[in-house]
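Enquirer: To start, I am sharing the structure in question, which I have written as structure tokens.
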Amino acid sequence: MRLLLVEDTPRLRELLIEAVHAVGWTIDAVGTVDEANAIIATTPYDLLLIDLGLPDGDGLDLVRATRRAGVKTPILVLTARVAIDDRIAGLDAGADDYLTKPFNHGEFLARCRALLRRAPDTLTPTLTAARLKLDVAMGTTTCGNIELRLAPRERTVLEILMRDVGRVVQKRKLEHALSEFGDELSSNAVELAISRLRKKLEPNTTGVSLETIRGVGYLLREVNW
């Protein structure tokens, strides 16, 4: 899952980024309407988190512009505006949910999960391959009744591979998923995530094997199980 946070308060940005990383999702963060418009136009996201009080404009205008552009990505408004009329305005502008500050981070993540489950354009929320099951919204991976402990980057890579199980996934697709806006990705980040993930996906237990297709990418395939 890749989220975009549009929030100009540095400390809140840091806290929300930490909360999102803790559940294994990727998040980009910008602080202005102009930055948000630019990145939304070029990068697909699973969820948009938009503050209303931005330094170069009103977040409601960003919500409206996003919907006029045909973007159907779920939008969660984060704002200090608590009046009922403000909530109505946010929902009427095209937001899917409205969370007022200050808020509990547990509730914040729960609302994110709810929007991700309901999103019409979100791909299958529960992925399966042989004995593996990945709950995308909850960020949990299980094999039978046992939960696999995966680091956030490992979980991100596994999700992409499970969506294309049986087909080769190009390395650059994984690099894009692991990168975050403004965060430089190390040259071996994908290889490291693949190596660690492979050690946790014992074929005799999970029923899948993770193969490297040299010069192209990676393949997750089901084996006899």
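Each chain in the structure tokens gets a letter, A, B and so on, in the order shown; residues start at 1 in every chain, and ligands are counted from 1 in the order they appear.
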Give one line per residue of stretch 62-143 of chain A that approaches stretch 12-31 of chain A to at most 9 Å, naming the two atoms of the closest pair and their distance in Å to one decimal, counting only C-alpha atoms; sort by chain then ascending residue number and deliver it as JSON lines.

Expert:
```
{"residue": "A:His105", "atom": "CA", "partner": "A:Ala19", "partner_atom": "CA", "distance": 7.1}
{"residue": "A:Gly106", "atom": "CA", "partner": "A:Ala19", "partner_atom": "CA", "distance": 8.7}
{"residue": "A:Phe108", "atom": "CA", "partner": "A:Leu16", "partner_atom": "CA", "distance": 8.9}
{"residue": "A:Leu109", "atom": "CA", "partner": "A:Val20", "partner_atom": "CA", "distance": 7.6}
{"residue": "A:Met138", "atom": "CA", "partner": "A:Val23", "partner_atom": "CA", "distance": 7.5}
{"residue": "A:Gly139", "atom": "CA", "partner": "A:Val23", "partner_atom": "CA", "distance": 5.9}
{"residue": "A:Thr140", "atom": "CA", "partner": "A:Val23", "partner_atom": "CA", "distance": 8.6}
```

Enquirer: Name all residues at most 9 Å from A:Tyr98 (count only C-alpha atoms; drop same-chain ones fewer than 6 positions away) and give them as JSON, numbers by chain.

Expert: {"A": [75, 76, 77, 78, 79, 87, 90, 91]}

Enquirer: Counting only C-alpha atoms, what is within 7 Å of A:Leu174, bar same-chain residues fewer than 3 positions away, as an MDAnalysis selection string?

Expert: chainID A and resid 157 171 177:178 190

Enquirer: Write the selection just made, keeping all heavy atoms, as a PDB file, in the first residue's frame?

Expert:
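Listing of again-v7.pdb after writing:
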```
ATOM      1  N   VAL A 157       7.247  -5.939  -0.809  1.00  0.00           N
ATOM      2  CA  VAL A 157       7.701  -6.765  -1.932  1.00  0.00           C
ATOM      3  C   VAL A 157       6.807  -7.986  -2.098  1.00  0.00           C
ATOM      4  O   VAL A 157       6.407  -8.338  -3.222  1.00  0.00           O
ATOM      5  CB  VAL A 157       9.169  -7.194  -1.720  1.00  0.00           C
ATOM      6  CG1 VAL A 157       9.574  -8.281  -2.713  1.00  0.00           C
ATOM      7  CG2 VAL A 157      10.094  -5.987  -1.858  1.00  0.00           C
ATOM      8  N   LYS A 171      12.268  -5.660 -11.728  1.00  0.00           N
ATOM      9  CA  LYS A 171      12.944  -5.091 -10.560  1.00  0.00           C
ATOM     10  C   LYS A 171      12.576  -3.628 -10.360  1.00  0.00           C
ATOM     11  O   LYS A 171      12.398  -3.175  -9.223  1.00  0.00           O
ATOM     12  CB  LYS A 171      14.456  -5.232 -10.722  1.00  0.00           C
ATOM     13  CG  LYS A 171      15.248  -4.676  -9.543  1.00  0.00           C
ATOM     14  CD  LYS A 171      16.742  -4.807  -9.761  1.00  0.00           C
ATOM     15  CE  LYS A 171      17.516  -4.186  -8.607  1.00  0.00           C
ATOM     16  NZ  LYS A 171      18.987  -4.287  -8.810  1.00  0.00           N
ATOM     17  N   ALA A 177       8.173   0.815  -5.638  1.00  0.00           N
ATOM     18  CA  ALA A 177       7.335   0.570  -4.464  1.00  0.00           C
ATOM     19  C   ALA A 177       8.085   0.803  -3.162  1.00  0.00           C
ATOM     20  O   ALA A 177       7.507   1.254  -2.169  1.00  0.00           O
ATOM     21  CB  ALA A 177       6.800  -0.854  -4.501  1.00  0.00           C
ATOM     22  N   LEU A 178       9.383   0.517  -3.157  1.00  0.00           N
ATOM     23  CA  LEU A 178      10.164   0.673  -1.936  1.00  0.00           C
ATOM     24  C   LEU A 178      10.651   2.097  -1.721  1.00  0.00           C
ATOM     25  O   LEU A 178      11.031   2.474  -0.617  1.00  0.00           O
ATOM     26  CB  LEU A 178      11.374  -0.264  -1.955  1.00  0.00           C
ATOM     27  CG  LEU A 178      11.082  -1.763  -1.894  1.00  0.00           C
ATOM     28  CD1 LEU A 178      12.381  -2.547  -1.831  1.00  0.00           C
ATOM     29  CD2 LEU A 178      10.196  -2.102  -0.704  1.00  0.00           C
ATOM     30  N   VAL A 190      16.386  -3.646  -3.013  1.00  0.00           N
ATOM     31  CA  VAL A 190      15.507  -4.705  -3.501  1.00  0.00           C
ATOM     32  C   VAL A 190      16.135  -6.071  -3.251  1.00  0.00           C
ATOM     33  O   VAL A 190      15.485  -6.995  -2.754  1.00  0.00           O
ATOM     34  CB  VAL A 190      15.201  -4.520  -4.998  1.00  0.00           C
ATOM     35  CG1 VAL A 190      14.448  -5.732  -5.539  1.00  0.00           C
ATOM     36  CG2 VAL A 190      14.378  -3.264  -5.211  1.00  0.00           C
TER      37      VAL A 190
END
```

Enquirer: Would you mind telling me which residue in A:Ala83, A:Val208, A:Val169, A:Leu4 lies nearest to A:Asp51 when using only C-alpha atoms?

Expert: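 Smallest distance to A:Asp51 is found for A:Leu4.
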
Enquirer: Identify all residues of chain A in helix (DSSP H, G or I) (DSSP on the backbone) and supply them as a PyMOL selection string.

Expert: chain A and resi 10-22+33-42+59-68+84-93+105-118+152-163+171-178+189-200+203-206

Enquirer: Between A:Thr141, A:Val6, A:Arg118, A:Val165, which one has atoms that come closest to A:Val223, using only C-alpha atoms?

Expert: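 Nearest candidate to A:Val223 out of A:Thr141, A:Val6, A:Arg118, A:Val165: A:Val165.
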
Enquirer: With only C-alpha atoms as the counted atoms, please give the residues lying no more than 9 Å from A:Leu158, apart from itself and same-chain residues fewer than 6 positions off, as a list in words.

Expert: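 Here the qualifying residues turn out to be Leu134, Ile194, Leu197 and Leu220 of chain A.
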
Enquirer: What would the file look like if the residues just selected were written as a JSON list (two decimals), in the first residue's frame with N, CA and C atoms?

Expert:
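Resulting contents of result_32.json:
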```
[["chain", "number", "residue", "atom", "x", "y", "z"],
["A", 134, "LEU", "N", -2.12, -12.96, 2.63],
["A", 134, "LEU", "CA", -1.70, -11.62, 3.02],
["A", 134, "LEU", "C", -2.93, -10.72, 3.08],
["A", 194, "ILE", "N", 14.57, -9.05, -0.98],
["A", 194, "ILE", "CA", 14.31, -10.35, -1.59],
["A", 194, "ILE", "C", 15.05, -11.45, -0.82],
["A", 197, "LEU", "N", 13.36, -12.04, 2.49],
["A", 197, "LEU", "CA", 12.04, -12.64, 2.28],
["A", 197, "LEU", "C", 12.17, -14.10, 1.89],
["A", 220, "LEU", "N", 7.45, -15.18, -8.12],
["A", 220, "LEU", "CA", 6.89, -15.95, -7.01],
["A", 220, "LEU", "C", 5.97, -16.99, -7.64]]
```

Enquirer: Nearest to A:Leu54 among A:Val82, A:Pro74, A:Ser186, A:Asp8, with distances taken over only C-alpha atoms: which residue is it?

Expert: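 Closest residue, counting only C-alpha atoms: A:Asp8.
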
Enquirer: Rounded to one decimal in Å, what is the spacing between atom CA of A:Glu159 and atom CA of A:Ser195?

Expert: 15.4 Å

Enquirer: Find the residues near stretch 143-153 of chain A: any atom within 6 Å, counting only C-alpha atoms, skip ones fewer than 3 places away on the same chain, and give them as an MDAnalysis selection string.

Expert: chainID A and resid 24 131:132 156

Enquirer: Pick the closest to A:Asp34 from A:Leu47, A:Arg11, A:Thr128, A:Ala65: which is it, counting only C-alpha atoms?

Expert: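 Under the stated criterion, the closest residue is A:Ala65.
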
Enquirer: For each of A:Thr206, A:Thr32, A:Gln170, A:Thr73, take the minimum atom-to-atom distance to A:Thr9, counting only C-alpha atoms, then give the residue where this is smallest.

Expert: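 Using only C-alpha atoms, A:Thr9 sits closest to A:Thr32.
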